[in-house]
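Comments concern the structure below.
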Amino acid sequence: MSVLTDMAELVQKGKAQEVSDLVSQALEEGIAPQQILDEGLLKGMGELGVRFKNNEVFVPEVLIAARALNKGTETLKAKLVGSDIKPIGKVVLATVSGDLHDIGKNLVKLMLEGAGFEVVDLGTDVPADKIVAAVNENNPEVLALSALLTTTMAAQGDVIKALIDAGVRDKVKVIVGGAPITDAFAKEIGADGYSEDASGAADIAKQLLQ
Ligand code: B1M
């Protein structure tokens with residue numbers, strides 16, 4: 001079995017330290033960071049997601065796997081993110097209210113940092129008023145919102161409404177993403193940009209700086 005197949009397997013088993021060790025081993029073997037991410041870490045979570053949907057595994061197993069995946073991406077971070085890049089801009093990032101999914105958000109953070117942004121990460125389940133306060137406090141060029149549930153995607157629109165109500169909508173560009181989000185939905189809620197994946201989010205944030 002290859003190191004990436006083992007990694008995908010160990011993500012599903014939630015073996016955080018082993019996953020991290022395999023990421024280091026894969027890097028030593030010269031495997032590209034993006035390939036480690038796609039064919040090792042995310043492949044494992046994708047396979048577990050199918051088993052979750054089919055009720056073959058449940059929330060605790062998925063939670064433990066998510067921790068292993070996050071530990072693996074932390075180990076990759078040093079390779080994906082340049083160490084002495086001068087920030088090209090600032091992004092405030094959050095998963096919206098009611099939503100605890102953070103793996104996609106963390107990848108967006110990684111890619112934004114890799115593209116040279118300073119990122120203020122507010123975490124998950126962040127209410128609209130807290131996001132508006134963070135925009136006022138940090139003055140970012142870009143606000144990036146993630147949502148993974150059909151029941152929480154509307155909260156991205158609530159954040160935009162809250163920015164309008166607070167009179168600060170024109171101070172910041174808003175980009176949105178997450179599995180249920182589409183370009184049409186992003187336009188409907190008045191977002192400035194949408195990407196279906198994390199590296200695309202970094203590209204759009206860069207375009208919006210211009
Ligand atoms: Co959740 N969950 N979950 N879950 N979970 C999903 C999303 C689900 C599709 C599973 C399923 O049923 N097939 C389903 C949603 C169904 C729906 O809404 N239609 C679901 C459900 C139902 C639930 C609960 C309600 C389950 C329950 O309690 N009964 C519950 C809700 C909790 C809550 O949030 N309030 C729940 C809980 C959990 C865990 C806590 C156990 C865990 C999260 C742990 C964590 O994040 N730390 C979890 C997980 C891990 C998943 C799955 C298996 C994997 C999600 C993931 O991390 N994928 C997921 C099924 C699946 O997707 N196969 C599922 C990997 C990640 C890299 O992808 O986040 O999509 P993703 O990010 C992508 C893109 O979307 C994009 O970039 C990334 C790739 O490059 N992206 C952006 C994300 N944000 C972006 C922002 C951008 C741009 C791009 O710009 C700003």
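Chain lettering (A, B, ...) mirrors the order of the structure tokens, residue numbering begins at 1 for each chain separately, and ligand numbering begins at 1 in order of display.
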Problem set entry | Distance filter 7 Å around ligand 1, atoms: only C-alpha atoms and all ligand atoms, out as a VMD selection string | chain A and resid 42 45 to 46 48 to 50 52 to 53 59 to 60 62 to 63 66 to 67 98 to 105 107 to 108 144 to 151 175 to 180 194 to 201
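Nearest residue to Met111 (chain A) among A:Leu37, A:Val57, A:Ala128, A:Val168 is A:Leu37, counting only C-alpha atoms.
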For this session: Would you work out the distance separating CA of Val3 (chain A) from CA of Lys77 (chain A), expressed in Å to one decimal?
Result: 18.4 Å
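Among the candidate residues A:Lys161, A:Leu93, A:Ala32, A:Pro140, the one lying nearest to Asp121 (chain A) is A:Leu93, with distances computed using only C-alpha atoms.
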For this session: Write out as a list of chain:residue names all residues of region 71-116 of chain A that backbone DSSP assigns to alpha helix (DSSP H).
Result: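 The residues of region 71-116 of chain A classed as alpha helix (DSSP H) are A:Lys71, A:Gly72, A:Thr73, A:Glu74, A:Thr75, A:Leu76, A:Lys77, A:Ala78, A:Lys79, A:Leu80, A:Ile103, A:Gly104, A:Lys105, A:Asn106, A:Leu107, A:Val108, A:Lys109, A:Leu110, A:Met111, A:Leu112, A:Glu113, A:Gly114.
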Exercise. For Ala134 (chain A), which of A:Gly40, A:Val19, A:Val92, A:Glu61 is the closest residue, counting only C-alpha atoms?
Worked result: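 Using only C-alpha atoms, Ala134 (chain A) sits closest to A:Val92.
The nearest approach to Asp21 (chain A) among the residues A:Val120, A:Ala162, A:Leu76, A:Ile64, with only C-alpha atoms taken into account, belongs to A:Leu76.
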Exercise. Among chain A, which ones does DSSP place in strand (DSSP E), written as a PyMOL selection string?
Worked result: chain A and resi 89-95+117-121+142-146+173-177+193-194
Exercise. Near Gln17 (chain A), within 12 Å and counting only C-alpha atoms, which residues show up once chain neighbours fewer than 6 positions away are dropped, as a PyMOL selection string?
Worked result: chain A and resi 7+10-11+23-24+64-65+67-75
Keeping N, CA and C atoms for every residue in the selection just given, could you write it to a file as a tab-separated table (two decimals), in the first residue's frame?
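What ended up in result06.tsv:
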```
chain	number	residue	atom	x	y	z
A	7	MET	N	-2.57	6.79	4.46
A	7	MET	CA	-2.99	8.04	5.09
A	7	MET	C	-4.51	8.17	5.06
A	10	LEU	N	-5.96	5.89	7.61
A	10	LEU	CA	-5.74	6.31	9.01
A	10	LEU	C	-6.55	7.55	9.37
A	11	VAL	N	-6.86	8.40	8.36
A	11	VAL	CA	-7.76	9.54	8.63
A	11	VAL	C	-9.11	8.97	9.07
A	23	VAL	N	2.23	12.18	6.80
A	23	VAL	CA	2.39	13.42	6.01
A	23	VAL	C	3.88	13.77	5.92
A	24	SER	N	4.58	13.68	7.06
A	24	SER	CA	6.02	13.98	7.05
A	24	SER	C	6.76	13.00	6.14
A	64	ILE	N	-13.60	12.39	15.31
A	64	ILE	CA	-12.22	11.95	15.58
A	64	ILE	C	-11.41	11.98	14.28
A	65	ALA	N	-12.07	11.59	13.17
A	65	ALA	CA	-11.38	11.65	11.87
A	65	ALA	C	-11.05	13.10	11.51
A	67	ARG	N	-10.38	15.50	13.51
A	67	ARG	CA	-9.20	15.93	14.28
A	67	ARG	C	-7.92	15.42	13.62
A	68	ALA	N	-7.97	14.16	13.15
A	68	ALA	CA	-6.78	13.58	12.50
A	68	ALA	C	-6.47	14.36	11.22
A	69	LEU	N	-7.54	14.71	10.47
A	69	LEU	CA	-7.32	15.46	9.23
A	69	LEU	C	-6.72	16.84	9.52
A	70	ASN	N	-7.27	17.49	10.54
A	70	ASN	CA	-6.74	18.82	10.89
A	70	ASN	C	-5.29	18.75	11.33
A	71	LYS	N	-4.93	17.67	12.06
A	71	LYS	CA	-3.52	17.52	12.48
A	71	LYS	C	-2.63	17.31	11.24
A	72	GLY	N	-3.14	16.53	10.29
A	72	GLY	CA	-2.37	16.31	9.05
A	72	GLY	C	-2.17	17.60	8.27
A	73	THR	N	-3.21	18.43	8.18
A	73	THR	CA	-3.06	19.68	7.42
A	73	THR	C	-2.12	20.65	8.15
A	74	GLU	N	-2.13	20.60	9.50
A	74	GLU	CA	-1.18	21.43	10.26
A	74	GLU	C	0.25	21.07	9.89
A	75	THR	N	0.51	19.75	9.76
A	75	THR	CA	1.86	19.30	9.42
A	75	THR	C	2.23	19.76	8.00
```
For this session: Excluding Glu39 (chain A) and any residue of its chain fewer than 6 positions from it, enumerate the residues within 8 Å of it, using only C-alpha atoms, and give them as a PyMOL selection string.
Result: chain A and resi 4-5+8
Take the selection from the previous step and output its residues with all heavy atoms, as an mmCIF file, in the first residue's frame.
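Result saved to selection-v4.cif:
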```cif
data_model
loop_
_atom_site.group_PDB
_atom_site.id
_atom_site.type_symbol
_atom_site.label_atom_id
_atom_site.label_comp_id
_atom_site.auth_asym_id
_atom_site.auth_seq_id
_atom_site.Cartn_x
_atom_site.Cartn_y
_atom_site.Cartn_z
ATOM 1 N N LEU A 4 -0.010 7.293 0.619
ATOM 2 C CA LEU A 4 -1.258 8.073 0.534
ATOM 3 C C LEU A 4 -2.482 7.205 0.828
ATOM 4 O O LEU A 4 -3.443 7.655 1.467
ATOM 5 C CB LEU A 4 -1.378 8.733 -0.844
ATOM 6 C CG LEU A 4 -0.287 9.764 -1.176
ATOM 7 C CD1 LEU A 4 -0.519 10.380 -2.550
ATOM 8 C CD2 LEU A 4 -0.198 10.847 -0.119
ATOM 9 N N THR A 5 -2.444 5.951 0.378
ATOM 10 C CA THR A 5 -3.564 5.038 0.685
ATOM 11 C C THR A 5 -3.629 4.799 2.188
ATOM 12 O O THR A 5 -4.713 4.821 2.792
ATOM 13 C CB THR A 5 -3.363 3.684 -0.046
ATOM 14 O OG1 THR A 5 -2.956 3.951 -1.375
ATOM 15 C CG2 THR A 5 -4.623 2.848 -0.047
ATOM 16 N N ALA A 8 -5.105 7.879 3.886
ATOM 17 C CA ALA A 8 -6.565 7.969 3.750
ATOM 18 C C ALA A 8 -7.252 7.026 4.735
ATOM 19 O O ALA A 8 -8.255 7.373 5.381
ATOM 20 C CB ALA A 8 -6.971 7.651 2.309
#
```
Problem set entry | Point-to-point distance from CA of Pro33 (chain A) to CA of Lys79 (chain A), Å rounded to tenths | 6.9 Å
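Here CA of Lys109 (chain A) stands at a distance of 11.3 Å from CA of Lys90 (chain A).
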For this session: Give the answer as one residue: which of A:Lys13, A:Arg51, A:Lys173, A:Lys187 has the shortest atom-to-atom distance to Ile204 (chain A), using only C-alpha atoms?
Result: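 The answer is A:Lys173, which sits nearest to Ile204 (chain A).
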